[in-house]
Amino acid sequence: MVLRVLSVASEAVPFIKTGGLADVAGALPAAVAPHGVAMSTLLPGYPQVMARLSAGAFRVLHEWPALMSAPAPPIPARLLLAEPAEEGLAGPLLVLDAPALFVRDGGPYVDTAGRDWADNALRFAAFGRAAADIAGGAVTGLAFDVVHAHDWQAGMALAYLRFAPPVSARPGAHVPPGVMTIHNMAFQGHFGGDVFPQLGLPQAAWAMDGVEYHGGVGFLKAGLEAAARITTVSPTYALEIRSPQFGMGLEGLILSRGDAVRGLINGIDTREWNPAADPALAAGFSARNFNRRVLNKRALEAEFGLEHEDGPLFIAISRLTWQKGMDVLAECVDQLVQMGGRLALLGSGDAAIVGQLHAAAARHPGRVAVRIGYDEGLSHRMQAGGDAILVPSRFEPCGLTQLYALAYGCVPVVARTGGLADTVVDANLAALKAKVATGIQFDRVDYSGLAGAIARAIHLYRQADAWRSLQKNGLRADFSWASSGGAYASLYREIAPETA
Ligand code: ADP
C-alpha cells in the first residue's frame, strides 16, 4: 500500500535554500519513493518559488478568503499545485500563495538588512494553518496518512492538527499523525505571548504541554509536543539534545519522549557530488585512477595563489560562526603553518572572524589564502584538491561538508560531535589496522584540541600508504540517501493509521 506523506518545509532545493534543511527537504521525496511512500512537499510562495511556477504550469487547488483572521485585514491565500512537478523534486509541489506574507524583498526569514521579519510568527503560523488544513482533509482531492514537519517554521502544522483540526467536509477524514524533524536545535521560533491571540488556537493550547514556552509561544516546541515521532539528523545529535548544552532549553521535553526520538543521518546528492563526473574540477577521478587527483591540488594552489609543494594542504568551507568553531581555527593558523601546513579557506559570516582570517593570510603569504563569499563551484574544487578539511564545529546536527569531503578523497579532521562523530571513523590504531579509518576526530574545540588534531593529520599525511588508505576508505563509504530513505519510510509506517 502506498503511504501518502505531506512534507512541510520552509525551504527545499531546487526552489529556495538558505541551509541544509533545503537539501534534505529537496531530496526526501526521491529517497522515500522506492519504499512505497508518495511524498508531496508544501512550500511558502516566496518570490523565488513563484518565479519557477511559470505561467499556466500550476493549478489552483484551494482558496482561503481569510487564512489568518485575527489581525485586520484578513489574509487571503491560495494553494497551488505545480504541474508537472519541477525538475529535482520527485513528487508534487504544493505552494502556499499568500503574497501579503511571502512576496517581499529579502530572504525567507530576514529582511534585506538581515533582521528577522517582524511578522515571522504570523507568516509561519499561517504556513502551519494551511498545512494542517491540507493534511486534515479540508482540500478536496488531497489526503495524507502522515505529516512530516521540518524545523520551527513548520512546527505549528502539528499544533493546529492537534488543537484545531479543520472542520473537514470529507466524512471519515482522520487527523494524520506527525513527525517533527529538528535540523538545528539552535533555531526554535520563540515569540512573545502577545502572539497567542493571533494564532486562532483554543485556550487549551496555552499550556506547558501545548504551545506555551516560558511565557511566550515556541513554534518548534509546539511541534515537538504534538508529534508522534521526533527525528533529528544524526544518532549522536539525537542523544546530545537530551543535555542542556545541546538541547538549549528543550532537553527536558526530548528526554521525556524517550525512544520516540530518533536520529537519521542525512544523505548527499551523489549526482551533484561525484568526482568522476564533476564539471567544476580540473581533473575527474575515482578510486581506480586516484593518481589524477593531484592535478586538482595543483589547480587549487594556483587558484588560491599558494606555493606549489607536496606538503599537506588544508581546506575549510564553512559559515564563519561560533557554531562552526571558525574562531578557533583562526587562532590555530600560525601553528598550522609552523607545522608545515598550508590553508585555503572559503566562507562568509562574522566580521570579527573574517578580520582574523584576513590578518592570518597577510602574515603568511603563499601559505594561507582566504576567499570570503559563497561559491559552490569553488567548494567542489577545494574538496577535490585539498588533502584534509578542518571541521571544528562546537555542535553539528549532521554536517554535509565532511560527507562531500569523504566522497572526494579529502580527509576530514572533525570535532567529535553530532553527525561528525557518526560519519567519520577516527584513524586510531585499531581502525587503521582494520582498514576502516576515514579521518581524524578530536574532543575539545579549543586551541590545543584543534592544533593537536592538525598535528595528527600532518603526521599521518607523511605516511603515504596510511593516508592513501584513509582517502580510499572515504571514497568507498556510502552516504547516499539509500539507507536513510528506507529509515524514514519505516518511521512513517510505524505511526500511520492501520488502514493506510
Ligand atoms: P550548515 O548547514 O550548518 O551550514 P552543513 O555542513 O550541513 O552546514 O552544510 C553547509 C554546506 O554549505 C556544506 O556543503 C558546505 O561545504 C557549504 N558551504 C558553506 N559555506 C560555503 C561557502 N562559502 N561557499 C560554498 N559552499 C559553502
# chains A, B, ... in the order shown; residues from 1 in each chain; ligands from 1
call {"tool": "select_by_dssp", "arguments": {"residues": "region 87-286 of chain A", "states": "strand (DSSP E or B)", "output": "number ranges by chain"}}
result
A: 93-97, 110, 116, 146-150, 178-182, 190-191, 212-213, 216-218, 229-232, 261-263
call {"tool": "residues_near_ligand", "arguments": {"ligand": "ligand 1", "cutoff": "6 Å", "atoms": "only C-alpha atoms and all ligand atoms", "output": "compact mmCIF listing (two decimals) with N, CA, C and O atoms, in the first residue's frame"}}
result
# COMPACT_ATOMS: atom_id res chain seq x y z
N GLY A 19 20.00 26.77 3.89
CA GLY A 19 20.83 25.85 4.68
C GLY A 19 20.53 24.40 4.35
O GLY A 19 19.81 24.10 3.38
N GLY A 20 21.08 23.53 5.19
CA GLY A 20 20.98 22.09 4.95
C GLY A 20 19.56 21.56 4.89
O GLY A 20 19.28 20.57 4.20
N ILE A 317 35.61 25.03 4.45
CA ILE A 317 34.50 25.62 3.69
C ILE A 317 33.35 25.70 4.69
O ILE A 317 32.80 24.68 5.11
N SER A 318 32.99 26.92 5.08
CA SER A 318 32.10 26.97 6.23
C SER A 318 31.44 28.33 6.40
O SER A 318 31.98 29.35 5.95
N ARG A 319 30.29 28.33 7.07
CA ARG A 319 29.81 29.58 7.64
C ARG A 319 30.85 29.97 8.70
O ARG A 319 31.32 29.11 9.46
N LEU A 346 37.33 29.04 2.43
CA LEU A 346 36.20 29.70 1.76
C LEU A 346 35.07 29.80 2.77
O LEU A 346 34.69 28.80 3.40
N GLY A 347 34.53 31.00 2.93
CA GLY A 347 33.41 31.12 3.86
C GLY A 347 32.89 32.53 3.93
O GLY A 347 33.44 33.45 3.32
N SER A 348 31.81 32.69 4.68
CA SER A 348 31.31 34.03 4.95
C SER A 348 30.61 34.00 6.30
O SER A 348 30.18 32.93 6.76
N GLY A 373 32.92 34.72 0.78
CA GLY A 373 31.78 34.69 -0.14
C GLY A 373 31.22 33.28 -0.19
O GLY A 373 31.68 32.40 0.56
N TYR A 374 30.22 33.09 -1.03
CA TYR A 374 29.64 31.75 -1.21
C TYR A 374 29.88 31.34 -2.65
O TYR A 374 29.51 32.06 -3.57
N ASP A 375 30.55 30.22 -2.88
CA ASP A 375 30.92 29.82 -4.23
C ASP A 375 30.87 28.30 -4.33
O ASP A 375 31.78 27.59 -3.88
N GLU A 376 29.77 27.82 -4.92
CA GLU A 376 29.53 26.37 -4.98
C GLU A 376 30.63 25.66 -5.79
O GLU A 376 31.19 24.65 -5.35
N SER A 379 33.83 25.40 -4.01
CA SER A 379 33.78 24.42 -2.91
C SER A 379 34.04 23.01 -3.46
O SER A 379 34.71 22.21 -2.82
N GLY A 399 25.84 17.82 9.43
CA GLY A 399 27.01 18.28 8.69
C GLY A 399 27.03 17.59 7.34
O GLY A 399 26.86 16.37 7.24
N LEU A 400 27.21 18.38 6.31
CA LEU A 400 27.29 17.80 4.96
C LEU A 400 28.71 17.92 4.42
O LEU A 400 29.17 17.07 3.66
N THR A 401 29.40 18.95 4.88
CA THR A 401 30.69 19.25 4.26
C THR A 401 31.68 18.10 4.44
O THR A 401 32.46 17.79 3.53
call {"tool": "closest_residue", "arguments": {"among": "A:Arg262, A:Leu122, A:Lys221, A:Val195", "to": "Ser490 (chain A)", "atoms": "only C-alpha atoms"}}
result
A:Arg262
call {"tool": "closest_residue", "arguments": {"among": "A:Asp119, A:Lys433, A:Ala125, A:Ala159", "to": "Pro202 (chain A)", "atoms": "only C-alpha atoms"}}
result
A:Ala159
call {"tool": "residues_around", "arguments": {"residues": "Leu336 (chain A)", "least_positions_apart": "2", "cutoff": "10 Å", "atoms": "only C-alpha atoms", "output": "ChimeraX atom specification"}}
result
/A:314,329,331-334,338-343,367-368,450-452,454-455,458
call {"tool": "write_last_selection", "arguments": {"atoms": "all heavy atoms", "output": "compact mmCIF listing (two decimals), in the first residue's frame"}}
result
# COMPACT_ATOMS: atom_id res chain seq x y z
N PHE A 314 45.53 22.05 3.76
CA PHE A 314 44.25 22.00 4.49
C PHE A 314 43.26 22.95 3.83
O PHE A 314 43.65 23.98 3.29
CB PHE A 314 44.45 22.42 5.96
CG PHE A 314 45.23 21.42 6.77
CD1 PHE A 314 46.62 21.48 6.82
CD2 PHE A 314 44.57 20.42 7.47
CE1 PHE A 314 47.34 20.56 7.58
CE2 PHE A 314 45.28 19.49 8.22
CZ PHE A 314 46.67 19.56 8.27
N LEU A 329 39.70 28.02 14.67
CA LEU A 329 40.57 27.78 13.51
C LEU A 329 41.47 29.00 13.27
O LEU A 329 42.67 28.87 13.02
CB LEU A 329 39.73 27.48 12.26
CG LEU A 329 40.51 27.35 10.95
CD1 LEU A 329 41.61 26.30 11.06
CD2 LEU A 329 39.59 27.02 9.79
N GLU A 331 42.58 31.04 15.38
CA GLU A 331 43.65 31.04 16.40
C GLU A 331 44.77 30.05 16.05
O GLU A 331 45.90 30.21 16.48
CB GLU A 331 43.10 30.60 17.76
CG GLU A 331 42.35 31.66 18.53
CD GLU A 331 41.72 31.04 19.79
OE1 GLU A 331 42.28 30.06 20.33
OE2 GLU A 331 40.66 31.52 20.19
N CYS A 332 44.43 28.99 15.35
CA CYS A 332 45.38 27.90 15.10
C CYS A 332 46.20 28.08 13.82
O CYS A 332 47.07 27.25 13.53
CB CYS A 332 44.64 26.56 15.00
SG CYS A 332 44.03 25.96 16.57
N VAL A 333 45.90 29.12 13.04
CA VAL A 333 46.52 29.21 11.72
C VAL A 333 48.05 29.29 11.81
O VAL A 333 48.76 28.59 11.07
CB VAL A 333 45.97 30.42 10.92
CG1 VAL A 333 46.72 30.59 9.62
CG2 VAL A 333 44.48 30.23 10.64
N ASP A 334 48.57 30.10 12.74
CA ASP A 334 50.03 30.23 12.84
C ASP A 334 50.67 28.88 13.12
O ASP A 334 51.69 28.51 12.52
CB ASP A 334 50.42 31.22 13.94
CG ASP A 334 50.00 32.64 13.59
OD1 ASP A 334 49.67 32.89 12.42
OD2 ASP A 334 50.01 33.50 14.50
N GLN A 338 53.34 26.73 10.99
CA GLN A 338 54.61 26.36 11.61
C GLN A 338 54.87 24.86 11.48
O GLN A 338 56.01 24.41 11.35
CB GLN A 338 54.57 26.76 13.08
CG GLN A 338 55.95 27.06 13.62
CD GLN A 338 55.89 27.29 15.12
OE1 GLN A 338 54.83 27.53 15.70
NE2 GLN A 338 57.03 27.20 15.75
N MET A 339 53.80 24.07 11.50
CA MET A 339 53.95 22.62 11.40
C MET A 339 54.14 22.16 9.95
O MET A 339 54.21 20.98 9.67
CB MET A 339 52.74 21.91 12.01
CG MET A 339 52.67 22.04 13.54
SD MET A 339 51.36 21.03 14.31
CE MET A 339 49.89 21.95 13.97
N GLY A 340 54.14 23.10 9.01
CA GLY A 340 54.39 22.73 7.62
C GLY A 340 53.13 22.65 6.76
O GLY A 340 53.18 22.22 5.61
N GLY A 341 51.99 23.07 7.30
CA GLY A 341 50.75 23.03 6.53
C GLY A 341 50.50 24.31 5.76
O GLY A 341 51.14 25.34 6.01
N ARG A 342 49.57 24.22 4.81
CA ARG A 342 49.03 25.42 4.15
C ARG A 342 47.52 25.36 4.29
O ARG A 342 46.95 24.29 4.52
CB ARG A 342 49.40 25.42 2.66
CG ARG A 342 50.88 25.72 2.39
CD ARG A 342 51.29 25.31 1.00
NE ARG A 342 51.12 23.87 0.86
CZ ARG A 342 50.92 23.24 -0.30
NH1 ARG A 342 50.86 23.92 -1.42
NH2 ARG A 342 50.78 21.94 -0.34
N LEU A 343 46.86 26.52 4.14
CA LEU A 343 45.41 26.57 4.34
C LEU A 343 44.75 27.40 3.24
O LEU A 343 45.18 28.53 2.98
CB LEU A 343 45.08 27.20 5.70
CG LEU A 343 43.60 27.45 5.99
CD1 LEU A 343 42.83 26.13 6.13
CD2 LEU A 343 43.42 28.29 7.26
N ARG A 367 51.12 30.74 1.97
CA ARG A 367 50.84 29.58 2.84
C ARG A 367 49.37 29.55 3.28
O ARG A 367 48.83 28.48 3.56
CB ARG A 367 51.71 29.61 4.11
CG ARG A 367 53.20 29.76 3.88
CD ARG A 367 53.84 28.61 3.16
NE ARG A 367 53.75 27.36 3.88
CZ ARG A 367 54.16 26.18 3.39
NH1 ARG A 367 54.67 26.12 2.16
NH2 ARG A 367 54.03 25.07 4.09
N VAL A 368 48.77 30.73 3.36
CA VAL A 368 47.37 30.82 3.81
C VAL A 368 46.64 31.76 2.86
O VAL A 368 47.13 32.86 2.57
CB VAL A 368 47.28 31.37 5.25
CG1 VAL A 368 45.81 31.56 5.67
CG2 VAL A 368 48.00 30.45 6.24
N LEU A 450 42.28 21.50 18.56
CA LEU A 450 42.39 21.57 17.10
C LEU A 450 43.85 21.48 16.65
O LEU A 450 44.17 20.76 15.69
CB LEU A 450 41.74 22.85 16.57
CG LEU A 450 41.81 23.04 15.06
CD1 LEU A 450 41.20 21.85 14.30
CD2 LEU A 450 41.12 24.34 14.63
N ALA A 451 44.75 22.17 17.37
CA ALA A 451 46.16 22.11 16.98
C ALA A 451 46.67 20.67 17.07
O ALA A 451 47.44 20.21 16.21
CB ALA A 451 46.99 23.05 17.86
N GLY A 452 46.22 19.95 18.11
CA GLY A 452 46.63 18.55 18.25
C GLY A 452 46.12 17.71 17.08
O GLY A 452 46.84 16.83 16.56
N ILE A 454 45.44 18.78 14.05
CA ILE A 454 46.20 19.15 12.84
C ILE A 454 47.56 18.44 12.86
O ILE A 454 48.01 17.91 11.83
CB ILE A 454 46.37 20.69 12.76
CG1 ILE A 454 45.00 21.35 12.51
CG2 ILE A 454 47.37 21.07 11.68
CD1 ILE A 454 44.99 22.86 12.67
N ALA A 455 48.17 18.38 14.04
CA ALA A 455 49.47 17.70 14.16
C ALA A 455 49.31 16.21 13.81
O ALA A 455 50.15 15.64 13.09
CB ALA A 455 50.02 17.86 15.58
N ILE A 458 49.00 15.88 10.05
CA ILE A 458 50.26 16.05 9.32
C ILE A 458 51.15 14.81 9.49
O ILE A 458 51.78 14.34 8.54
CB ILE A 458 50.96 17.35 9.79
CG1 ILE A 458 50.12 18.55 9.35
CG2 ILE A 458 52.39 17.43 9.25
CD1 ILE A 458 50.64 19.90 9.81
call {"tool": "residues_around", "arguments": {"residues": "region 62-71 of chain A", "least_positions_apart": "6", "cutoff": "9 Å", "atoms": "only C-alpha atoms", "output": "JSON, numbers by chain"}}
result
{"A": [77, 78, 79, 80, 98, 122, 125, 126, 129, 130, 139, 140, 197, 198, 199, 200]}
call {"tool": "residues_around", "arguments": {"residues": "Phe102 (chain A)", "least_positions_apart": "3", "cutoff": "8 Å", "atoms": "only C-alpha atoms", "output": "PyMOL selection string"}}
result
chain A and resi 44-47+97-99+108+123
call {"tool": "residues_around", "arguments": {"residues": "region 414-427 of chain A", "least_positions_apart": "5", "cutoff": "8 Å", "atoms": "only C-alpha atoms", "output": "PyMOL selection string"}}
result
chain A and resi 233-238+240+265+390-399+402-403+432+436-445+470
call {"tool": "residues_around", "arguments": {"residues": "region 280-289 of chain A", "least_positions_apart": "3", "cutoff": "12 Å", "atoms": "only C-alpha atoms", "output": "VMD selection string"}}
result
chain A and resid 272 to 277 292 to 303 375 to 385 406 to 409 468 to 477
call {"tool": "closest_residue", "arguments": {"among": "A:Ala33, A:Ala431, A:Ala330, A:Val179", "to": "Asp145 (chain A)", "atoms": "only C-alpha atoms"}}
result
A:Val179
call {"tool": "select_by_dssp", "arguments": {"residues": "region 126-321 of chain A", "states": "alpha helix (DSSP H)", "output": "NGL selection string"}}
result
:A and (126-135 or 151-163 or 219-226 or 235-240 or 244-247 or 251-256 or 293-304)
